Protein chains: 2
Amino acid sequence: MNTIDFDKSGGLVPAIAQDADTGAVLMLAWMNREAYEETRRTRRAVYFSRSRNRLWRKGEESGHFQEVREILVDCDADTILLKVHQIGGAACHEGYASCFFRRVEDEGVKVIAEKVFDPKQVYKK
Amino acid sequence: MNTIDFDKSGGLVPAIAQDADTGAVLMLAWMNREAYEETRRTRRAVYFSRSRNRLWRKGEESGHFQEVREILVDCDADTILLKVHQIGGAACHEGYASCFFRRVEDEGVKVIAEKVFDPKQVYKK
């Protein structure tokens, strides 16, 4: 069996990034084989952007790279878990440490985190 | 905006289960709207099994239900994070606490966890 089964789901598998120190789940993105191989080689998280249809070297715009400490694979070999050190303290393009900054409650969705940075300052146009 | 965007990816979104106490990432599965609504209502994790093409009430066979403590949604509203209490101590059908029990190393893949239960005893045929 291959380490990762990219064929099962059309070439892309989900990749979860978890903070290696705090255990916080930071984000979920997608990897094709090329992204996975570059991630292994460079020890920096590289994803495949479905919207831009190209490799996405996390941090290429913001400087907020993810240093990869560990790569884990699940029982079905179709999901990747990266344990990372998040440069800049925030994985989310909206400025939060984690992309999961909203909790679903009976009344609706509630923001439960505070911003680490101001996206307007980081993503200067 | 809807709480969860099920339409973007053809009706299914990835759902990560994280142990609410230890922070361990337990597994990744998929949810359609029906699975999500039942999860919210019952506070037990319900996924959509792509291989069986039906709702999968996690623990329906093993008794190892996931009690849902929190439901979080990411910035793009297309990934769900469940914080759960895992009954039986193991989320993986292979008997490990987490499905991510293998680490990718230069030499190959290495099992880095110990089994919590013997699958043959739990999934009796």
# chains A, B, ... in the order shown; residues from 1 in each chain; ligands from 1

$ closest_atom_pairs --of "chain A" --to "chain B" --cutoff "9 Å" --atoms "only C-alpha atoms" --output "Markdown table"
| residue | atom | partner | partner_atom | distance |
| --- | --- | --- | --- | --- |
| A:Thr3 | CA | B:Val109 | CA | 7.0 |
| A:Pro14 | CA | B:Pro14 | CA | 8.0 |
| A:Ile16 | CA | B:Ile16 | CA | 8.4 |
| A:Gln18 | CA | B:Val25 | CA | 8.2 |
| A:Thr22 | CA | B:Gly23 | CA | 8.4 |
| A:Gly23 | CA | B:Gly23 | CA | 5.5 |
| A:Ala24 | CA | B:Gly23 | CA | 6.9 |
| A:Val25 | CA | B:Val25 | CA | 7.9 |
| A:Met27 | CA | B:Asp74 | CA | 7.5 |
| A:Leu28 | CA | B:Thr79 | CA | 7.3 |
| A:Arg40 | CA | B:Asp106 | CA | 8.9 |
| A:Glu70 | CA | B:Arg103 | CA | 7.2 |
| A:Ile71 | CA | B:Val104 | CA | 5.5 |
| A:Leu72 | CA | B:Arg103 | CA | 4.3 |
| A:Val73 | CA | B:Phe100 | CA | 5.4 |
| A:Asp74 | CA | B:Phe100 | CA | 4.3 |
| A:Cys75 | CA | B:Cys99 | CA | 5.3 |
| A:Asp76 | CA | B:Cys99 | CA | 8.3 |
| A:Thr79 | CA | B:Leu28 | CA | 7.3 |
| A:Ile80 | CA | B:Phe100 | CA | 8.1 |
| A:Leu81 | CA | B:Phe100 | CA | 7.2 |
| A:Cys92 | CA | B:Cys75 | CA | 7.6 |
| A:His93 | CA | B:Cys75 | CA | 8.5 |
| A:Glu94 | CA | B:Cys75 | CA | 7.6 |
| A:Ser98 | CA | B:Asp74 | CA | 8.2 |
| A:Cys99 | CA | B:Asp74 | CA | 4.9 |
| A:Phe100 | CA | B:Asp74 | CA | 4.3 |
| A:Phe101 | CA | B:Asp74 | CA | 6.7 |
| A:Arg102 | CA | B:Leu72 | CA | 5.6 |
| A:Arg103 | CA | B:Leu72 | CA | 4.3 |
| A:Val104 | CA | B:Ile71 | CA | 5.5 |
| A:Glu105 | CA | B:Ile71 | CA | 7.9 |
| A:Asp106 | CA | B:Arg40 | CA | 8.9 |
| A:Gly108 | CA | B:Thr3 | CA | 7.7 |
| A:Val109 | CA | B:Thr3 | CA | 7.0 |

$ write_last_selection --atoms "N, CA and C atoms" --output "compact mmCIF listing (two decimals), in the first residue's frame"
# COMPACT_ATOMS: atom_id res chain seq x y z
N THR A 3 1.86 5.05 0.98
CA THR A 3 1.72 5.76 2.25
C THR A 3 0.42 6.56 2.27
N PRO A 14 -7.68 15.42 2.25
CA PRO A 14 -7.69 16.47 3.26
C PRO A 14 -6.46 16.38 4.16
N ILE A 16 -5.10 18.06 7.78
CA ILE A 16 -5.41 18.85 8.98
C ILE A 16 -4.09 19.39 9.53
N GLN A 18 -2.43 20.86 12.88
CA GLN A 18 -2.64 20.98 14.33
C GLN A 18 -1.40 21.63 14.94
N THR A 22 0.24 23.44 21.31
CA THR A 22 -1.02 23.61 22.06
C THR A 22 -2.04 22.53 21.76
N GLY A 23 -1.89 21.83 20.64
CA GLY A 23 -2.88 20.83 20.25
C GLY A 23 -4.08 21.43 19.53
N ALA A 24 -4.13 22.74 19.40
CA ALA A 24 -5.27 23.36 18.70
C ALA A 24 -5.31 22.93 17.24
N VAL A 25 -6.52 22.62 16.76
CA VAL A 25 -6.68 22.34 15.34
C VAL A 25 -6.73 23.69 14.63
N MET A 27 -6.50 24.37 10.99
CA MET A 27 -7.15 24.51 9.69
C MET A 27 -7.22 23.15 9.01
N LEU A 28 -8.01 23.11 7.97
CA LEU A 28 -8.01 21.97 7.07
C LEU A 28 -7.82 22.50 5.65
N ARG A 40 7.00 17.15 2.62
CA ARG A 40 7.95 16.22 3.24
C ARG A 40 9.38 16.72 3.07
N GLU A 70 5.72 17.00 12.49
CA GLU A 70 5.37 15.58 12.31
C GLU A 70 4.32 15.46 11.22
N ILE A 71 4.38 14.37 10.49
CA ILE A 71 3.35 14.04 9.50
C ILE A 71 2.75 12.70 9.89
N LEU A 72 1.44 12.68 10.09
CA LEU A 72 0.75 11.44 10.45
C LEU A 72 -0.26 11.12 9.37
N VAL A 73 -0.58 9.83 9.27
CA VAL A 73 -1.55 9.41 8.26
C VAL A 73 -2.57 8.51 8.94
N ASP A 74 -3.80 8.56 8.48
CA ASP A 74 -4.85 7.80 9.19
C ASP A 74 -4.94 6.36 8.69
N CYS A 75 -5.82 5.61 9.33
CA CYS A 75 -5.94 4.17 9.08
C CYS A 75 -6.28 3.86 7.63
N ASP A 76 -7.04 4.72 6.98
CA ASP A 76 -7.43 4.49 5.60
C ASP A 76 -6.45 5.11 4.60
N THR A 79 -6.19 10.56 4.75
CA THR A 79 -6.20 11.85 5.43
C THR A 79 -4.85 12.05 6.10
N ILE A 80 -4.35 13.28 6.03
CA ILE A 80 -3.05 13.63 6.60
C ILE A 80 -3.24 14.55 7.79
N LEU A 81 -2.43 14.33 8.80
CA LEU A 81 -2.42 15.23 9.96
C LEU A 81 -1.00 15.77 10.11
N CYS A 92 -5.20 31.47 10.28
CA CYS A 92 -6.38 31.88 9.50
C CYS A 92 -6.15 33.22 8.82
N HIS A 93 -6.59 33.30 7.58
CA HIS A 93 -6.41 34.54 6.82
C HIS A 93 -7.26 35.67 7.38
N GLU A 94 -8.19 35.32 8.28
CA GLU A 94 -8.98 36.37 8.93
C GLU A 94 -8.31 36.90 10.20
N SER A 98 -6.70 30.02 14.87
CA SER A 98 -7.29 28.87 14.20
C SER A 98 -8.42 29.31 13.29
N CYS A 99 -8.60 28.61 12.18
CA CYS A 99 -9.74 28.89 11.31
C CYS A 99 -11.06 28.52 12.00
N PHE A 100 -11.00 27.71 13.03
CA PHE A 100 -12.21 27.29 13.75
C PHE A 100 -12.46 28.23 14.92
N PHE A 101 -12.79 29.46 14.59
CA PHE A 101 -12.99 30.48 15.63
C PHE A 101 -14.46 30.73 15.90
N ARG A 102 -15.33 29.95 15.31
CA ARG A 102 -16.76 30.14 15.51
C ARG A 102 -17.42 28.86 16.00
N ARG A 103 -18.23 29.00 17.01
CA ARG A 103 -18.94 27.86 17.60
C ARG A 103 -20.39 27.91 17.17
N VAL A 104 -20.92 26.74 16.82
CA VAL A 104 -22.34 26.63 16.48
C VAL A 104 -23.14 26.50 17.77
N GLU A 105 -24.05 27.43 17.98
CA GLU A 105 -24.90 27.38 19.17
C GLU A 105 -26.35 27.36 18.72
N ASP A 106 -27.25 27.15 19.66
CA ASP A 106 -28.67 27.06 19.29
C ASP A 106 -29.14 28.33 18.60
N GLY A 108 -27.31 30.40 16.86
CA GLY A 108 -26.55 30.76 15.67
C GLY A 108 -25.07 30.53 15.91
N VAL A 109 -24.25 31.25 15.18
CA VAL A 109 -22.81 31.04 15.24
C VAL A 109 -22.17 32.17 16.04

$ calpha_fit_and_write --fixed "chain A" --moving "chain B" --output "CSV table (one decimal) with N, CA and C atoms, in the first residue's frame"
chain,number,residue,atom,x,y,z
B,1,MET,N,0.9,-1.2,0.0
B,1,MET,CA,0.0,0.0,0.0
B,1,MET,C,0.9,1.3,0.0
B,2,ASN,N,0.5,2.2,-0.8
B,2,ASN,CA,1.2,3.5,-0.7
B,2,ASN,C,1.0,4.2,0.6
B,3,THR,N,1.9,5.1,1.0
B,3,THR,CA,1.7,5.8,2.2
B,3,THR,C,0.4,6.6,2.3
B,4,ILE,N,0.2,7.3,1.2
B,4,ILE,CA,-1.1,8.1,1.1
B,4,ILE,C,-1.8,7.6,-0.2
B,5,ASP,N,-3.1,7.4,-0.1
B,5,ASP,CA,-3.9,7.0,-1.2
B,5,ASP,C,-4.5,8.2,-1.9
B,6,PHE,N,-3.7,8.8,-2.9
B,6,PHE,CA,-4.2,10.0,-3.6
B,6,PHE,C,-5.3,9.6,-4.6
B,7,ASP,N,-5.3,8.4,-5.0
B,7,ASP,CA,-6.1,8.0,-6.2
B,7,ASP,C,-7.6,7.9,-5.8
B,8,LYS,N,-7.8,7.4,-4.5
B,8,LYS,CA,-9.2,7.1,-4.1
B,8,LYS,C,-10.2,8.3,-4.3
B,9,SER,N,-9.6,9.5,-4.0
B,9,SER,CA,-10.5,10.7,-4.0
B,9,SER,C,-10.1,11.7,-5.1
B,10,GLY,N,-9.7,11.2,-6.2
B,10,GLY,CA,-9.4,12.1,-7.4
B,10,GLY,C,-8.2,12.9,-7.3
B,11,GLY,N,-7.2,12.5,-6.4
B,11,GLY,CA,-6.0,13.2,-6.4
B,11,GLY,C,-5.7,14.1,-5.3
B,12,LEU,N,-6.8,14.4,-4.5
B,12,LEU,CA,-6.7,15.3,-3.4
B,12,LEU,C,-7.1,14.6,-2.1
B,13,VAL,N,-6.3,14.8,-1.1
B,13,VAL,CA,-6.8,14.3,0.3
B,13,VAL,C,-6.8,15.5,1.2
B,14,PRO,N,-7.7,15.4,2.2
B,14,PRO,CA,-7.7,16.5,3.3
B,14,PRO,C,-6.5,16.4,4.2
B,15,ALA,N,-6.0,17.5,4.5
B,15,ALA,CA,-4.8,17.6,5.4
B,15,ALA,C,-5.2,18.6,6.6
B,16,ILE,N,-5.1,18.0,7.8
B,16,ILE,CA,-5.4,18.8,9.0
B,16,ILE,C,-4.1,19.4,9.5
B,17,ALA,N,-4.1,20.7,9.9
B,17,ALA,CA,-2.9,21.2,10.6
B,17,ALA,C,-3.3,21.4,12.0
B,18,GLN,N,-2.4,20.8,12.9
B,18,GLN,CA,-2.6,21.0,14.3
B,18,GLN,C,-1.4,21.6,14.9
B,19,ASP,N,-1.6,22.5,15.8
B,19,ASP,CA,-0.5,23.2,16.5
B,19,ASP,C,0.2,22.1,17.4
B,20,ALA,N,1.5,22.0,17.1
B,20,ALA,CA,2.3,20.9,17.8
B,20,ALA,C,2.4,21.2,19.2
B,21,ASP,N,2.4,22.4,19.7
B,21,ASP,CA,2.5,22.7,21.1
B,21,ASP,C,1.2,22.8,21.8
B,22,THR,N,0.2,23.4,21.3
B,22,THR,CA,-1.0,23.6,22.0
B,22,THR,C,-2.0,22.5,21.7
B,23,GLY,N,-1.9,21.8,20.6
B,23,GLY,CA,-2.9,20.8,20.2
B,23,GLY,C,-4.1,21.4,19.5
B,24,ALA,N,-4.1,22.7,19.4
B,24,ALA,CA,-5.3,23.4,18.7
B,24,ALA,C,-5.3,22.9,17.2
B,25,VAL,N,-6.5,22.6,16.8
B,25,VAL,CA,-6.7,22.3,15.3
B,25,VAL,C,-6.7,23.7,14.6
B,26,LEU,N,-5.8,23.9,13.7
B,26,LEU,CA,-5.7,25.2,13.1
B,26,LEU,C,-6.5,25.4,11.8
B,27,MET,N,-6.5,24.4,11.0
B,27,MET,CA,-7.1,24.5,9.7
B,27,MET,C,-7.2,23.2,9.0
B,28,LEU,N,-8.0,23.1,8.0
B,28,LEU,CA,-8.0,22.0,7.1
B,28,LEU,C,-7.8,22.5,5.6
B,29,ALA,N,-6.9,21.9,4.9
B,29,ALA,CA,-6.7,22.2,3.5
B,29,ALA,C,-6.5,20.9,2.8
B,30,TRP,N,-6.1,21.0,1.5
B,30,TRP,CA,-6.0,19.8,0.6
B,30,TRP,C,-4.6,19.6,0.1
B,31,MET,N,-4.3,18.4,-0.1
B,31,MET,CA,-3.0,18.1,-0.7
B,31,MET,C,-3.1,17.2,-1.9
B,32,ASN,N,-2.4,17.5,-3.0
B,32,ASN,CA,-2.2,16.5,-4.0
B,32,ASN,C,-0.8,15.9,-3.7
B,33,ARG,N,-0.4,14.9,-4.6
B,33,ARG,CA,0.9,14.3,-4.3
B,33,ARG,C,2.1,15.2,-4.3
B,34,GLU,N,2.0,16.2,-5.3
B,34,GLU,CA,3.1,17.2,-5.4
B,34,GLU,C,3.2,18.0,-4.1
B,35,ALA,N,2.1,18.5,-3.6
B,35,ALA,CA,2.1,19.2,-2.3
B,35,ALA,C,2.6,18.4,-1.2
B,36,TYR,N,2.2,17.2,-1.1
B,36,TYR,CA,2.7,16.3,-0.1
B,36,TYR,C,4.2,16.1,-0.1
B,37,GLU,N,4.7,15.8,-1.3
B,37,GLU,CA,6.1,15.5,-1.5
B,37,GLU,C,6.9,16.8,-1.1
B,38,GLU,N,6.4,17.9,-1.6
B,38,GLU,CA,7.2,19.2,-1.2
B,38,GLU,C,7.1,19.4,0.3
B,39,THR,N,6.0,19.1,0.9
B,39,THR,CA,5.9,19.3,2.3
B,39,THR,C,6.9,18.4,3.1
B,40,ARG,N,7.0,17.2,2.6
B,40,ARG,CA,7.9,16.2,3.2
B,40,ARG,C,9.4,16.7,3.1
B,41,ARG,N,9.7,17.2,1.9
B,41,ARG,CA,11.1,17.6,1.5
B,41,ARG,C,11.5,18.9,2.2
B,42,THR,N,10.6,19.8,2.3
B,42,THR,CA,11.0,21.2,2.8
B,42,THR,C,10.6,21.3,4.3
B,43,ARG,N,9.8,20.4,4.8
B,43,ARG,CA,9.3,20.5,6.2
B,43,ARG,C,8.5,21.8,6.4
B,44,ARG,N,7.9,22.4,5.3
B,44,ARG,CA,7.0,23.5,5.4
B,44,ARG,C,5.7,23.0,4.7
B,45,ALA,N,4.6,23.4,5.3
B,45,ALA,CA,3.3,23.0,4.8
B,45,ALA,C,3.0,23.6,3.4
B,46,VAL,N,2.8,22.7,2.4
B,46,VAL,CA,2.4,23.1,1.1
B,46,VAL,C,1.1,22.4,0.8
B,47,TYR,N,0.1,23.2,0.4
B,47,TYR,CA,-1.3,22.6,0.1
B,47,TYR,C,-1.6,22.8,-1.4
B,48,PHE,N,-2.7,22.2,-1.8
B,48,PHE,CA,-3.2,22.5,-3.1
B,48,PHE,C,-4.4,23.3,-3.0
B,49,SER,N,-4.4,24.5,-3.5
B,49,SER,CA,-5.6,25.4,-3.4
B,49,SER,C,-6.6,25.0,-4.5
B,50,ARG,N,-7.8,24.6,-4.0
B,50,ARG,CA,-8.8,24.2,-5.0
B,50,ARG,C,-9.3,25.5,-5.7
B,51,SER,N,-9.4,26.6,-5.1
B,51,SER,CA,-10.0,27.8,-5.7
B,51,SER,C,-9.0,28.4,-6.7
B,52,ARG,N,-7.7,28.3,-6.4
B,52,ARG,CA,-6.7,28.9,-7.3
B,52,ARG,C,-6.1,27.8,-8.3
B,53,ASN,N,-6.4,26.6,-8.0
B,53,ASN,CA,-6.0,25.4,-8.8
B,53,ASN,C,-4.5,25.4,-9.0
B,54,ARG,N,-3.8,25.6,-7.9
B,54,ARG,CA,-2.3,25.5,-7.9
B,54,ARG,C,-1.8,25.2,-6.5
B,55,LEU,N,-0.5,24.9,-6.5
B,55,LEU,CA,0.1,24.7,-5.2
B,55,LEU,C,0.1,26.0,-4.4
B,56,TRP,N,-0.1,25.8,-3.1
B,56,TRP,CA,-0.3,27.0,-2.2
B,56,TRP,C,0.7,26.7,-1.0
B,57,ARG,N,1.8,27.5,-1.1
B,57,ARG,CA,2.8,27.4,-0.1
B,57,ARG,C,2.4,28.3,1.1
B,58,LYS,N,1.8,27.6,2.1
B,58,LYS,CA,1.2,28.4,3.2
B,58,LYS,C,2.2,29.4,3.7
B,59,GLY,N,1.8,30.7,3.7
B,59,GLY,CA,2.6,31.8,4.2
B,59,GLY,C,3.3,32.5,3.1
B,60,GLU,N,3.1,32.1,1.8
B,60,GLU,CA,3.8,32.7,0.7
B,60,GLU,C,3.5,34.2,0.6
B,61,GLU,N,2.3,34.5,1.0
B,61,GLU,CA,1.9,35.9,0.9
B,61,GLU,C,2.1,36.7,2.3
B,62,SER,N,1.7,36.0,3.3
B,62,SER,CA,1.7,36.6,4.7
B,62,SER,C,3.0,36.4,5.4
B,63,GLY,N,3.9,35.5,5.0
B,63,GLY,CA,5.1,35.2,5.7
B,63,GLY,C,4.8,34.2,6.9
B,64,HIS,N,3.5,33.9,7.0
B,64,HIS,CA,3.1,33.0,8.2
B,64,HIS,C,3.2,31.5,7.7
B,65,PHE,N,4.4,31.0,7.6
B,65,PHE,CA,4.7,29.7,7.2
B,65,PHE,C,4.3,28.7,8.3
B,66,GLN,N,4.1,27.5,8.0
B,66,GLN,CA,3.9,26.4,9.0
B,66,GLN,C,5.1,25.5,8.9
B,67,GLU,N,5.9,25.4,10.0
B,67,GLU,CA,7.0,24.5,10.1
B,67,GLU,C,6.5,23.1,10.5
B,68,VAL,N,6.8,22.1,9.7
B,68,VAL,CA,6.2,20.8,10.0
B,68,VAL,C,7.0,20.0,10.9
B,69,ARG,N,6.5,19.6,12.0
B,69,ARG,CA,7.2,18.8,13.0
B,69,ARG,C,6.9,17.3,12.8
B,70,GLU,N,5.7,17.0,12.5
B,70,GLU,CA,5.4,15.6,12.3
B,70,GLU,C,4.3,15.5,11.2
B,71,ILE,N,4.4,14.4,10.5
B,71,ILE,CA,3.4,14.0,9.5
B,71,ILE,C,2.8,12.7,9.9
B,72,LEU,N,1.4,12.7,10.1
B,72,LEU,CA,0.8,11.4,10.4
B,72,LEU,C,-0.3,11.1,9.4
B,73,VAL,N,-0.6,9.8,9.3
B,73,VAL,CA,-1.5,9.4,8.3
B,73,VAL,C,-2.6,8.5,8.9
B,74,ASP,N,-3.8,8.5,8.5
B,74,ASP,CA,-4.8,7.8,9.2
B,74,ASP,C,-4.9,6.4,8.7
B,75,CYS,N,-5.8,5.6,9.3
B,75,CYS,CA,-5.9,4.2,9.1
B,75,CYS,C,-6.3,3.8,7.6
B,76,ASP,N,-7.0,4.7,7.0
B,76,ASP,CA,-7.4,4.5,5.6
B,76,ASP,C,-6.4,5.1,4.6
B,77,ALA,N,-5.4,5.7,5.1
B,77,ALA,CA,-4.4,6.3,4.3
B,77,ALA,C,-4.9,7.4,3.3
B,78,ASP,N,-6.0,8.0,3.7
B,78,ASP,CA,-6.6,9.1,2.9
B,78,ASP,C,-6.8,10.4,3.6
B,79,THR,N,-6.2,10.6,4.7
B,79,THR,CA,-6.2,11.8,5.4
B,79,THR,C,-4.8,12.0,6.1
B,80,ILE,N,-4.4,13.3,6.0
B,80,ILE,CA,-3.1,13.6,6.6
B,80,ILE,C,-3.3,14.5,7.8
B,81,LEU,N,-2.4,14.3,8.8
B,81,LEU,CA,-2.4,15.2,10.0
B,81,LEU,C,-1.0,15.8,10.1
B,82,LEU,N,-0.9,17.1,10.0
B,82,LEU,CA,0.4,17.7,10.2
B,82,LEU,C,0.4,18.3,11.6
B,83,LYS,N,1.5,18.1,12.3
B,83,LYS,CA,1.8,18.8,13.6
B,83,LYS,C,2.8,19.9,13.2
B,84,VAL,N,2.3,21.1,13.4
B,84,VAL,CA,3.1,22.3,12.9
B,84,VAL,C,3.4,23.3,14.0
B,85,HIS,N,4.5,24.1,13.7
B,85,HIS,CA,4.7,25.3,14.4
B,85,HIS,C,4.2,26.5,13.5
B,86,GLN,N,3.2,27.2,13.9
B,86,GLN,CA,2.7,28.3,13.0
B,86,GLN,C,3.4,29.6,13.3
B,87,ILE,N,4.2,30.0,12.3
B,87,ILE,CA,4.9,31.3,12.3
B,87,ILE,C,3.8,32.4,12.4
B,88,GLY,N,4.1,33.4,13.2
B,88,GLY,CA,3.1,34.5,13.2
B,88,GLY,C,1.9,34.3,14.2
B,89,GLY,N,1.8,33.0,14.6
B,89,GLY,CA,0.8,32.8,15.6
B,89,GLY,C,-0.6,32.6,15.1
B,90,ALA,N,-0.8,32.8,13.8
B,90,ALA,CA,-2.2,32.7,13.3
B,90,ALA,C,-2.2,31.9,12.0
B,91,ALA,N,-3.1,30.9,11.9
B,91,ALA,CA,-3.2,30.2,10.6
B,91,ALA,C,-4.2,30.8,9.7
B,92,CYS,N,-5.2,31.5,10.3
B,92,CYS,CA,-6.4,31.9,9.5
B,92,CYS,C,-6.1,33.2,8.8
B,93,HIS,N,-6.6,33.3,7.6
B,93,HIS,CA,-6.4,34.6,6.8
B,93,HIS,C,-7.3,35.7,7.4
B,94,GLU,N,-8.2,35.3,8.3
B,94,GLU,CA,-9.0,36.4,8.9
B,94,GLU,C,-8.3,36.9,10.2
B,95,GLY,N,-7.1,36.3,10.5
B,95,GLY,CA,-6.3,36.9,11.6
B,95,GLY,C,-6.5,36.1,12.9
B,96,TYR,N,-7.2,35.0,12.9
B,96,TYR,CA,-7.3,34.2,14.1
B,96,TYR,C,-6.3,33.1,14.1
B,97,ALA,N,-5.9,32.7,15.3
B,97,ALA,CA,-5.0,31.6,15.5
B,97,ALA,C,-5.4,30.3,14.7
B,98,SER,N,-6.7,30.0,14.9
B,98,SER,CA,-7.3,28.9,14.2
B,98,SER,C,-8.4,29.3,13.3
B,99,CYS,N,-8.6,28.6,12.2
B,99,CYS,CA,-9.8,28.9,11.3
B,99,CYS,C,-11.1,28.5,12.0
B,100,PHE,N,-11.0,27.7,13.0
B,100,PHE,CA,-12.2,27.3,13.7
B,100,PHE,C,-12.5,28.2,14.9
B,101,PHE,N,-12.8,29.5,14.6
B,101,PHE,CA,-13.0,30.5,15.6
B,101,PHE,C,-14.5,30.7,15.9
B,102,ARG,N,-15.3,29.9,15.3
B,102,ARG,CA,-16.8,30.1,15.5
B,102,ARG,C,-17.4,28.8,16.0
B,103,ARG,N,-18.2,29.0,17.0
B,103,ARG,CA,-18.9,27.9,17.6
B,103,ARG,C,-20.4,27.9,17.2
B,104,VAL,N,-20.9,26.7,16.8
B,104,VAL,CA,-22.3,26.6,16.5
B,104,VAL,C,-23.1,26.5,17.8
B,105,GLU,N,-24.0,27.4,18.0
B,105,GLU,CA,-24.9,27.4,19.2
B,105,GLU,C,-26.4,27.4,18.7
B,106,ASP,N,-27.2,27.1,19.7
B,106,ASP,CA,-28.7,27.1,19.3
B,106,ASP,C,-29.1,28.3,18.6
B,107,GLU,N,-28.6,29.5,19.0
B,107,GLU,CA,-29.1,30.7,18.5
B,107,GLU,C,-28.4,31.1,17.2
B,108,GLY,N,-27.3,30.4,16.9
B,108,GLY,CA,-26.6,30.7,15.7
B,108,GLY,C,-25.1,30.5,15.9
B,109,VAL,N,-24.3,31.2,15.2
B,109,VAL,CA,-22.8,31.0,15.2
B,109,VAL,C,-22.2,32.2,16.0
B,110,LYS,N,-21.3,31.8,17.0
B,110,LYS,CA,-20.7,32.8,17.9
B,110,LYS,C,-19.2,32.8,17.7
B,111,VAL,N,-18.5,33.9,17.6
B,111,VAL,CA,-17.1,34.0,17.5
B,111,VAL,C,-16.6,33.8,18.9
B,112,ILE,N,-15.6,32.8,19.1
B,112,ILE,CA,-15.1,32.5,20.4
B,112,ILE,C,-13.7,32.7,20.6
B,113,ALA,N,-13.0,33.4,19.6
B,113,ALA,CA,-11.6,33.7,19.7
B,113,ALA,C,-11.3,35.2,19.5
B,114,GLU,N,-10.1,35.6,19.8
B,114,GLU,CA,-9.7,37.0,19.5
B,114,GLU,C,-8.7,37.0,18.3
B,115,LYS,N,-8.7,38.0,17.5
B,115,LYS,CA,-7.8,38.1,16.4
B,115,LYS,C,-6.3,38.3,16.9
B,116,VAL,N,-5.4,37.6,16.3
B,116,VAL,CA,-4.0,37.7,16.6
B,116,VAL,C,-3.4,38.9,15.8
B,117,PHE,N,-3.9,39.0,14.6
B,117,PHE,CA,-3.4,40.1,13.7
B,117,PHE,C,-4.6,40.7,12.9
B,118,ASP,N,-4.3,41.9,12.3
B,118,ASP,CA,-5.3,42.5,11.5
B,118,ASP,C,-5.0,42.2,10.0
B,119,PRO,N,-5.9,41.4,9.4
B,119,PRO,CA,-5.6,41.0,8.0
B,119,PRO,C,-5.2,42.1,7.1
B,120,LYS,N,-5.8,43.3,7.3
B,120,LYS,CA,-5.5,44.4,6.4
B,120,LYS,C,-4.0,44.8,6.4
B,121,GLN,N,-3.4,44.6,7.6
B,121,GLN,CA,-2.0,44.9,7.7
B,121,GLN,C,-1.1,43.8,7.1
B,122,VAL,N,-1.6,42.6,7.2
B,122,VAL,CA,-0.7,41.4,6.8
B,122,VAL,C,-0.8,41.2,5.3
B,123,TYR,N,-2.0,41.3,4.8
B,123,TYR,CA,-2.2,41.1,3.3
B,123,TYR,C,-2.4,42.4,2.6
B,124,LYS,N,-1.3,43.1,2.5
B,124,LYS,CA,-1.3,44.4,1.9
B,124,LYS,C,-1.4,44.3,0.4
B,125,LYS,N,-2.3,45.0,-0.2
B,125,LYS,CA,-2.5,44.9,-1.7
B,125,LYS,C,-1.7,46.0,-2.3

$ select_by_dssp --residues "stretch 20-52 of chain A" --states "helix (DSSP H, G or I)" --output "tab-separated table (two decimals) with N, CA and C atoms, in the first residue's frame"
chain	number	residue	atom	x	y	z
A	33	ARG	N	-0.38	14.94	-4.59
A	33	ARG	CA	0.89	14.25	-4.34
A	33	ARG	C	2.06	15.23	-4.34
A	34	GLU	N	2.00	16.19	-5.26
A	34	GLU	CA	3.10	17.15	-5.37
A	34	GLU	C	3.23	17.99	-4.09
A	35	ALA	N	2.08	18.45	-3.57
A	35	ALA	CA	2.09	19.24	-2.33
A	35	ALA	C	2.64	18.42	-1.17
A	36	TYR	N	2.20	17.17	-1.11
A	36	TYR	CA	2.67	16.28	-0.04
A	36	TYR	C	4.18	16.06	-0.13
A	37	GLU	N	4.67	15.79	-1.33
A	37	GLU	CA	6.11	15.52	-1.49
A	37	GLU	C	6.93	16.76	-1.15
A	38	GLU	N	6.43	17.93	-1.57
A	38	GLU	CA	7.19	19.15	-1.24
A	38	GLU	C	7.15	19.42	0.27
A	39	THR	N	6.01	19.14	0.89
A	39	THR	CA	5.89	19.30	2.35
A	39	THR	C	6.90	18.41	3.06
A	40	ARG	N	7.00	17.15	2.62
A	40	ARG	CA	7.95	16.22	3.24
A	40	ARG	C	9.38	16.72	3.07
A	41	ARG	N	9.66	17.20	1.86
A	41	ARG	CA	11.04	17.56	1.53
A	41	ARG	C	11.47	18.84	2.24
A	42	THR	N	10.58	19.83	2.27
A	42	THR	CA	10.96	21.15	2.78
A	42	THR	C	10.62	21.34	4.25

$ select_by_dssp --residues "stretch 5-121 of chain A" --states "strand (DSSP E or B)" --output "ChimeraX atom specification"
/A:13-19,25-31,44,46-49,54-57,66-73,80-86,96,102-105,108-111,115
